[in-house]
Every structure is written in structure tokens, then in C-alpha cells.
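Okay, input_0.tsv now, which holds TSV, C-alpha atoms:
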```
chain	number	residue	atom	x	y	z
E	43	MET	CA	10.79	-5.99	-7.34
E	44	ASN	CA	10.13	-2.91	-5.21
E	45	SER	CA	8.69	-2.95	-1.70
E	46	GLN	CA	5.21	-1.91	-2.93
E	47	GLN	CA	5.05	-5.06	-5.07
E	48	ASP	CA	6.28	-7.14	-2.15
E	49	SER	CA	3.61	-5.84	0.16
E	50	LEU	CA	0.92	-6.39	-2.50
E	51	SER	CA	2.04	-10.01	-2.92
E	52	THR	CA	1.90	-10.52	0.85
E	53	THR	CA	-1.57	-8.96	0.99
E	54	PHE	CA	-2.93	-11.04	-1.91
E	55	ALA	CA	-1.48	-14.25	-0.41
E	56	ALA	CA	-3.11	-13.44	2.96
E	57	LEU	CA	-6.47	-12.82	1.25
E	58	ALA	CA	-6.34	-16.08	-0.74
E	59	ASP	CA	-8.16	-17.96	2.03
E	60	PRO	CA	-11.91	-17.84	2.81
E	61	THR	CA	-11.39	-18.22	6.58
E	62	ARG	CA	-9.01	-15.25	6.67
E	63	ARG	CA	-11.47	-13.16	4.63
E	64	ALA	CA	-14.25	-14.21	7.04
E	65	ILE	CA	-12.06	-13.09	9.98
E	66	LEU	CA	-11.60	-9.68	8.33
E	67	ALA	CA	-15.37	-9.45	7.73
E	68	ARG	CA	-15.97	-10.22	11.42
E	69	LEU	CA	-13.39	-7.58	12.47
E	70	SER	CA	-15.08	-5.01	10.21
E	71	ARG	CA	-17.91	-5.14	12.78
E	72	GLY	CA	-15.53	-4.43	15.70
E	73	SER	CA	-12.39	-5.78	17.38
E	74	ALA	CA	-12.51	-9.33	18.78
E	75	THR	CA	-10.43	-11.77	20.82
E	76	VAL	CA	-9.05	-15.04	19.44
E	77	SER	CA	-11.79	-17.09	21.15
E	78	GLU	CA	-14.49	-14.75	19.79
E	79	LEU	CA	-13.01	-15.19	16.32
E	80	ALA	CA	-12.69	-18.98	16.70
E	81	ALA	CA	-16.34	-19.52	17.78
E	82	PRO	CA	-18.16	-19.26	14.39
E	83	PHE	CA	-15.58	-21.41	12.59
E	84	ALA	CA	-15.65	-24.50	14.85
E	85	MET	CA	-11.89	-24.15	14.75
E	86	SER	CA	-9.23	-24.69	17.42
E	87	GLY	CA	-7.57	-21.65	19.00
E	88	PRO	CA	-4.16	-22.58	17.49
E	89	ALA	CA	-5.69	-22.93	14.00
E	90	VAL	CA	-7.21	-19.46	14.28
E	91	SER	CA	-3.96	-18.09	15.74
E	92	LYS	CA	-2.11	-19.36	12.66
E	93	HIS	CA	-4.49	-17.43	10.38
E	94	LEU	CA	-4.13	-14.35	12.60
E	95	ARG	CA	-0.34	-14.49	12.29
E	96	VAL	CA	-0.66	-14.46	8.49
E	97	LEU	CA	-3.04	-11.48	8.66
E	98	GLU	CA	-0.77	-9.70	11.15
E	99	ARG	CA	2.32	-10.22	8.97
E	100	ALA	CA	0.35	-8.74	6.04
E	101	ARG	CA	-0.54	-5.75	8.29
E	102	LEU	CA	-4.24	-6.47	7.75
E	103	ILE	CA	-4.78	-6.68	11.50
E	104	THR	CA	-3.09	-5.40	14.64
E	105	ARG	CA	-3.36	-6.96	18.08
E	106	GLY	CA	-3.74	-5.31	21.48
E	107	ARG	CA	-0.96	-5.47	24.07
E	108	GLU	CA	-3.00	-7.04	26.90
E	109	ALA	CA	-1.18	-10.36	27.39
E	110	GLN	CA	-4.21	-12.60	27.85
E	111	TRP	CA	-6.81	-11.07	25.52
E	112	ARG	CA	-4.86	-9.37	22.75
E	113	PRO	CA	-7.98	-8.25	20.84
E	114	CYS	CA	-7.58	-8.11	17.06
E	115	GLN	CA	-8.39	-5.02	15.05
E	116	LEU	CA	-8.83	-4.57	11.32
E	117	GLU	CA	-6.26	-2.40	9.49
E	118	ALA	CA	-7.58	-1.30	6.11
E	119	GLY	CA	-4.39	0.22	4.62
E	120	PRO	CA	-3.35	-2.87	2.61
E	121	LEU	CA	-6.95	-3.28	1.37
E	122	ARG	CA	-6.76	0.24	0.04
E	123	GLU	CA	-3.59	-0.72	-1.87
E	124	VAL	CA	-5.52	-3.64	-3.40
E	125	ALA	CA	-8.42	-1.34	-4.37
E	126	ASP	CA	-5.97	1.16	-5.92
E	127	TRP	CA	-4.28	-1.65	-7.84
E	128	THR	CA	-7.58	-2.93	-9.28
E	129	ALA	CA	-8.65	0.63	-10.23
E	130	ALA	CA	-6.12	0.56	-13.10
E	131	TYR	CA	-8.18	-2.25	-14.68
E	132	ARG	CA	-11.59	-0.66	-14.13
E	133	ARG	CA	-11.87	0.49	-17.76
E	134	PHE	CA	-11.75	-3.17	-18.87
E	135	TRP	CA	-14.88	-4.27	-17.06
E	136	GLU	CA	-16.58	-0.96	-17.83
E	137	LYS	CA	-15.71	-1.55	-21.49
E	138	SER	CA	-17.27	-5.00	-21.40
E	139	PHE	CA	-20.40	-3.40	-19.90
E	140	ASP	CA	-20.38	-0.84	-22.69
E	141	ARG	CA	-20.25	-3.71	-25.17
E	142	LEU	CA	-23.20	-5.35	-23.41
E	143	ASP	CA	-25.09	-2.04	-23.47
E	144	GLY	CA	-24.42	-1.72	-27.19
E	145	TYR	CA	-25.63	-5.26	-27.79
E	146	LEU	CA	-28.85	-4.67	-25.81
E	147	GLU	CA	-29.55	-1.44	-27.69
E	148	GLU	CA	-29.06	-3.25	-30.98
E	149	LEU	CA	-31.39	-6.03	-29.80
E	150	GLN	CA	-34.06	-3.48	-28.84
E	151	ALA	CA	-33.75	-1.70	-32.19
E	152	THR	CA	-34.19	-5.03	-34.01
E	153	ARG	CA	-37.26	-5.86	-31.90
E	154	ARG	CA	-38.74	-2.39	-32.44
E	155	GLU	CA	-38.22	-2.77	-36.18
E	156	ALA	CA	-39.82	-6.25	-36.14
E	157	ALA	CA	-42.75	-4.89	-34.10
E	158	GLY	CA	-43.15	-2.03	-36.62
E	159	LYS	CA	-43.30	-4.53	-39.49
E	160	GLU	CA	-45.91	-6.59	-37.63
E	161	LYS	CA	-48.03	-3.46	-37.11
E	162	GLY	CA	-47.65	-2.62	-40.81
E	163	LYS	CA	-48.83	-6.10	-41.76
E	164	ALA	CA	-51.79	-5.83	-39.38
E	165	ARG	CA	-52.76	-2.48	-40.89
E	166	ALA	CA	-52.45	-3.87	-44.43
E	167	LYS	CA	-54.77	-6.78	-43.46
E	168	LYS	CA	-57.39	-4.37	-42.04
E	169	ARG	CA	-57.53	-2.37	-45.27
C	288	MET	CA	-17.32	-22.28	1.31
C	289	ASN	CA	-19.40	-21.21	-1.70
C	290	SER	CA	-18.09	-21.03	-5.27
C	291	GLN	CA	-17.79	-17.20	-5.11
C	292	GLN	CA	-15.36	-17.56	-2.20
C	293	ASP	CA	-13.49	-20.28	-4.06
C	294	SER	CA	-13.05	-18.15	-7.14
C	295	LEU	CA	-11.92	-15.19	-5.01
C	296	SER	CA	-9.27	-17.39	-3.33
C	297	THR	CA	-8.06	-18.58	-6.73
C	298	THR	CA	-7.91	-14.97	-7.98
C	299	PHE	CA	-6.04	-13.69	-4.92
C	300	ALA	CA	-3.55	-16.59	-5.10
C	301	ALA	CA	-2.92	-15.85	-8.79
C	302	LEU	CA	-2.35	-12.16	-8.02
C	303	ALA	CA	0.11	-12.89	-5.18
C	304	ASP	CA	3.08	-12.79	-7.55
C	305	PRO	CA	4.75	-9.68	-9.01
C	306	THR	CA	5.57	-11.39	-12.34
C	307	ARG	CA	1.94	-12.43	-12.86
C	308	ARG	CA	0.78	-8.89	-12.03
C	309	ALA	CA	3.36	-7.52	-14.50
C	310	ILE	CA	2.01	-9.90	-17.17
C	311	LEU	CA	-1.52	-8.56	-16.54
C	312	ALA	CA	-0.21	-4.98	-16.76
C	313	ARG	CA	1.43	-5.82	-20.11
C	314	LEU	CA	-1.80	-7.42	-21.39
C	315	SER	CA	-3.76	-4.33	-20.37
C	316	ARG	CA	-1.93	-2.62	-23.26
C	317	GLY	CA	-3.04	-5.31	-25.73
C	318	SER	CA	-2.88	-9.07	-26.32
C	319	ALA	CA	0.56	-10.70	-26.61
C	320	THR	CA	2.20	-14.02	-27.40
C	321	VAL	CA	4.23	-16.04	-24.89
C	322	SER	CA	7.53	-14.89	-26.40
C	323	GLU	CA	6.39	-11.24	-26.33
C	324	LEU	CA	5.48	-11.69	-22.66
C	325	ALA	CA	8.74	-13.48	-21.84
C	326	ALA	CA	10.99	-10.78	-23.38
C	327	PRO	CA	10.92	-8.08	-20.63
C	328	PHE	CA	11.36	-10.64	-17.82
C	329	ALA	CA	14.52	-12.36	-19.05
C	330	MET	CA	12.60	-15.53	-18.32
C	331	SER	CA	12.42	-18.86	-20.17
C	332	GLY	CA	9.33	-19.66	-22.22
C	333	PRO	CA	8.38	-22.56	-19.90
C	334	ALA	CA	8.67	-20.33	-16.80
C	335	VAL	CA	6.32	-17.78	-18.38
C	336	SER	CA	3.99	-20.56	-19.54
C	337	LYS	CA	3.71	-21.76	-15.93
C	338	HIS	CA	2.61	-18.27	-14.82
C	339	LEU	CA	0.17	-18.12	-17.74
C	340	ARG	CA	-1.39	-21.42	-16.69
C	341	VAL	CA	-2.02	-20.00	-13.19
C	342	LEU	CA	-3.58	-16.86	-14.69
C	343	GLU	CA	-5.66	-18.95	-17.12
C	344	ARG	CA	-6.95	-21.22	-14.33
C	345	ALA	CA	-7.97	-18.07	-12.41
C	346	ARG	CA	-9.79	-16.85	-15.58
C	347	LEU	CA	-7.64	-13.70	-15.54
C	348	ILE	CA	-6.50	-14.40	-19.11
C	349	THR	CA	-7.76	-16.35	-22.10
C	350	ARG	CA	-5.62	-17.70	-24.93
C	351	GLY	CA	-6.25	-17.74	-28.65
C	352	ARG	CA	-6.84	-21.00	-30.52
C	353	GLU	CA	-4.06	-20.59	-33.09
C	354	ALA	CA	-1.84	-23.59	-32.25
C	355	GLN	CA	1.53	-21.89	-32.60
C	356	TRP	CA	0.90	-18.36	-31.33
C	357	ARG	CA	-1.97	-18.63	-28.87
C	358	PRO	CA	-1.96	-14.91	-28.01
C	359	CYS	CA	-2.99	-14.10	-24.43
C	360	GLN	CA	-5.74	-11.65	-23.61
C	361	LEU	CA	-6.65	-9.99	-20.33
C	362	GLU	CA	-10.03	-10.92	-18.79
C	363	ALA	CA	-11.06	-8.36	-16.20
C	364	GLY	CA	-14.07	-10.16	-14.64
C	365	PRO	CA	-12.18	-11.62	-11.65
C	366	LEU	CA	-10.49	-8.24	-11.04
C	367	ARG	CA	-13.94	-6.71	-10.81
C	368	GLU	CA	-14.82	-9.30	-8.13
C	369	VAL	CA	-11.70	-8.23	-6.21
C	370	ALA	CA	-12.66	-4.54	-6.54
C	371	ASP	CA	-16.21	-5.32	-5.35
C	372	TRP	CA	-14.85	-7.28	-2.40
C	373	THR	CA	-12.54	-4.41	-1.30
C	374	ALA	CA	-15.39	-1.88	-1.67
C	375	ALA	CA	-16.98	-3.27	1.53
C	376	TYR	CA	-13.91	-2.01	3.44
C	377	ARG	CA	-13.72	1.42	1.80
C	378	ARG	CA	-15.31	3.15	4.81
C	379	PHE	CA	-12.34	2.04	6.94
C	380	TRP	CA	-9.69	3.85	4.96
C	381	GLU	CA	-12.01	6.79	4.33
C	382	LYS	CA	-12.52	7.00	8.10
C	383	SER	CA	-8.78	7.14	8.71
C	384	PHE	CA	-8.55	9.92	6.10
C	385	ASP	CA	-11.34	11.80	7.87
C	386	ARG	CA	-9.28	11.54	11.07
C	387	LEU	CA	-6.22	12.89	9.22
C	388	ASP	CA	-8.32	15.73	7.76
C	389	GLY	CA	-9.55	16.60	11.24
C	390	TYR	CA	-6.00	16.62	12.57
C	391	LEU	CA	-4.74	18.86	9.74
C	392	GLU	CA	-7.60	21.32	10.26
C	393	GLU	CA	-6.78	21.45	13.96
C	394	LEU	CA	-3.12	22.03	13.14
C	395	GLN	CA	-3.99	24.88	10.75
C	396	ALA	CA	-6.26	26.49	13.35
C	397	THR	CA	-3.45	26.35	15.92
C	398	ARG	CA	-1.00	27.89	13.44
C	399	ARG	CA	-3.46	30.62	12.50
C	400	GLU	CA	-3.98	31.40	16.16
C	401	ALA	CA	-0.20	31.50	16.76
C	402	ALA	CA	0.29	33.75	13.69
C	403	GLY	CA	-2.46	36.04	15.01
C	404	LYS	CA	-0.69	36.34	18.35
C	405	GLU	CA	2.63	37.13	16.59
C	406	LYS	CA	0.95	39.91	14.57
C	407	GLY	CA	-0.58	41.25	17.78
C	408	LYS	CA	2.86	41.36	19.43
C	409	ALA	CA	4.38	43.07	16.36
C	410	ARG	CA	1.64	45.71	16.44
C	411	ALA	CA	2.14	46.24	20.16
C	412	LYS	CA	5.92	46.78	19.57
C	413	LYS	CA	5.29	49.37	16.82
C	414	ARG	CA	3.10	51.48	19.10
```

Produce C-alpha cells that represent the structure in this file.
Amino acid sequence: MNSQQDSLSTTFAALADPTRRAILARLSRGSATVSELAAPFAMSGPAVSKHLRVLERARLITRGREAQWRPCQLEAGPLREVADWTAAYRRFWEKSFDRLDGYLEELQATRREAAGKEKGKARAKKR
Amino acid sequence: MNSQQDSLSTTFAALADPTRRAILARLSRGSATVSELAAPFAMSGPAVSKHLRVLERARLITRGREAQWRPCQLEAGPLREVADWTAAYRRFWEKSFDRLDGYLEELQATRREAAGKEKGKARAKKR
């Protein structure tokens, strides 16, 4: 296991929690203190602090030095690593979309053909 | 917590392991049986099966119906969800690259200026 894999595992583990993802979403709108972060979650300060420690260890956030406030800030580097990792699999979901496209085209062709036959029948009746 | 968040948490938790990510990388080259997957990891069948169960629960793989072989196949849908989730943060790492670009341009300008001065001095010496 190299260090890149290690840091990816740490990042993924930190992201495997909806509250931590909500904290990152909040920080994407600007830095915030622990009490500002705790407010929307109806969560105790210590409970939020625990989540922040996990995010900090994963280098997804940094905290200011001011002893009392220590505002949290988003750090996007590890998220970029995640995006880069998923990019290798992009062709798989694009492929499944291609398959869907193919299926829809086939469906349309069949409908067009059926519509053509109906028109033919209608014309034959008129004659 | 809505079901989308739930499934993202399950996906991230499943991805937080280098062996499981290596299994997905192997399956991106084609479907494989448990013993084919176990071979490169010097891992027991049951240990690999445990990882496969985690990946299957996260809908990252599906398994064939043939009782004895049950070949595993990559399913990229949840990886697409991860990619979509990270996309919301793209502007943050692009911003930091913009800052780096700005810094490098500044550095080049300073070097050009310094080189210009050196040339000027050299010319002055020649005269």
C-alpha cells in the first residue's frame, strides 16, 4: 500500500458520513466556527468537534489559530484526488449511457416503422 | 438523511479500503471469479469474499448466477454518484490552480525583467 492509497482510504472514510458531508457543504459557502457549524444540526459542540477532527485528519479542513474561535476552512485537495480516482471509471457509466442511447434509437426506429405501416394501411383503405 | 445520502455513505465506506479499490480496478479490465480476484492479493477465498460482499451491498459489483463460478462484474453507477458529488467542489481546486498560475506568471515576469536588466548591463559594458 503506498501513501496515495492510504490518503484515499482516509478521505473516503471521512466522507462516509452525511453530517461530515453537510459540514463540507456548509464550508463551501465560507469558513465557519464550531458553534456556527453545530447550529443547523441540533448537535452538541463536542459531537461536532469529533466530526471536525475526522475531517481535519483527512486534510479536508484546516482550522484557524485563534484559540477561542478556530474557524474551519474547506481544503479541496483530497476531493480532487477522489475526482481523479473516479475519472478512471468514467468510460463505464458513459458506456452504459451509450447502450441506453442505442436502445432508444432502436425503439424510435421500431415506432417509426410501425407508424409507416399504419399510414400504409390507412392509404390502402382510402383507395 | 435521504436515501441518496445513505447510498453515498455506503459507497464511500466501501471505497475506504485499498484492497476493495484494487478489486474494482481489476474488474474494470473485465469480469472475474473469486479465485481470479484472490490470486494477486495472496489472500484467502473467504477474505476476498468478505470484501466482495461489501462491494455488492454498495452496488459497486454484481455477481453472476452460476452457482460455482459467480463471476463478478463492475457496476459504475455509484462511482458516477461520487463523481457528481465531487463536481460541486471542483471550483475550489480550480481556484487554487488559478492562484498558482497567477504566481507563476508573476515569477516569469520578474525573471524576464531581471534578464532584461542583465542584458542592459552587458550592453553597457561592451560600449

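Every residue of chain C that lies within 8 Å of chain E is listed here, counting only C-alpha atoms: Met288, Gln292, Asp293, Leu295, Ser296, Thr297, Thr298, Phe299, Ala300, Leu302, Ala303, Asp304, Pro305, Ser315, Glu362, Ala363, Gly364, Leu366, Arg367, Val369, Ala370, Thr373, Ala374, Tyr376, Arg377, Phe379 and Trp380 of chain C.
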
Pairwise distance, atom CA of Cys359 of chain C with atom CA of Gly332 of chain C, equals 13.7 Å

Please, what distance in Å, to one decimal, runs between atom CA of Thr349 of chain C and atom CA of Glu323 of chain C?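 According to the coordinates, atom CA of Thr349 of chain C and atom CA of Glu323 of chain C are separated by 15.6 Å.
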
Check: So which one's closest to Ala345 of chain C, C:Arg316, C:Arg307, C:Arg399, C:Lys404? Using all atoms listed in the file, please.
Finding: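 Using all atoms listed in the file, Ala345 of chain C sits closest to C:Arg307.
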
Correct to one decimal, the distance atom CA of Leu342 of chain C-atom CA of Gln360 of chain C is 10.6 Å
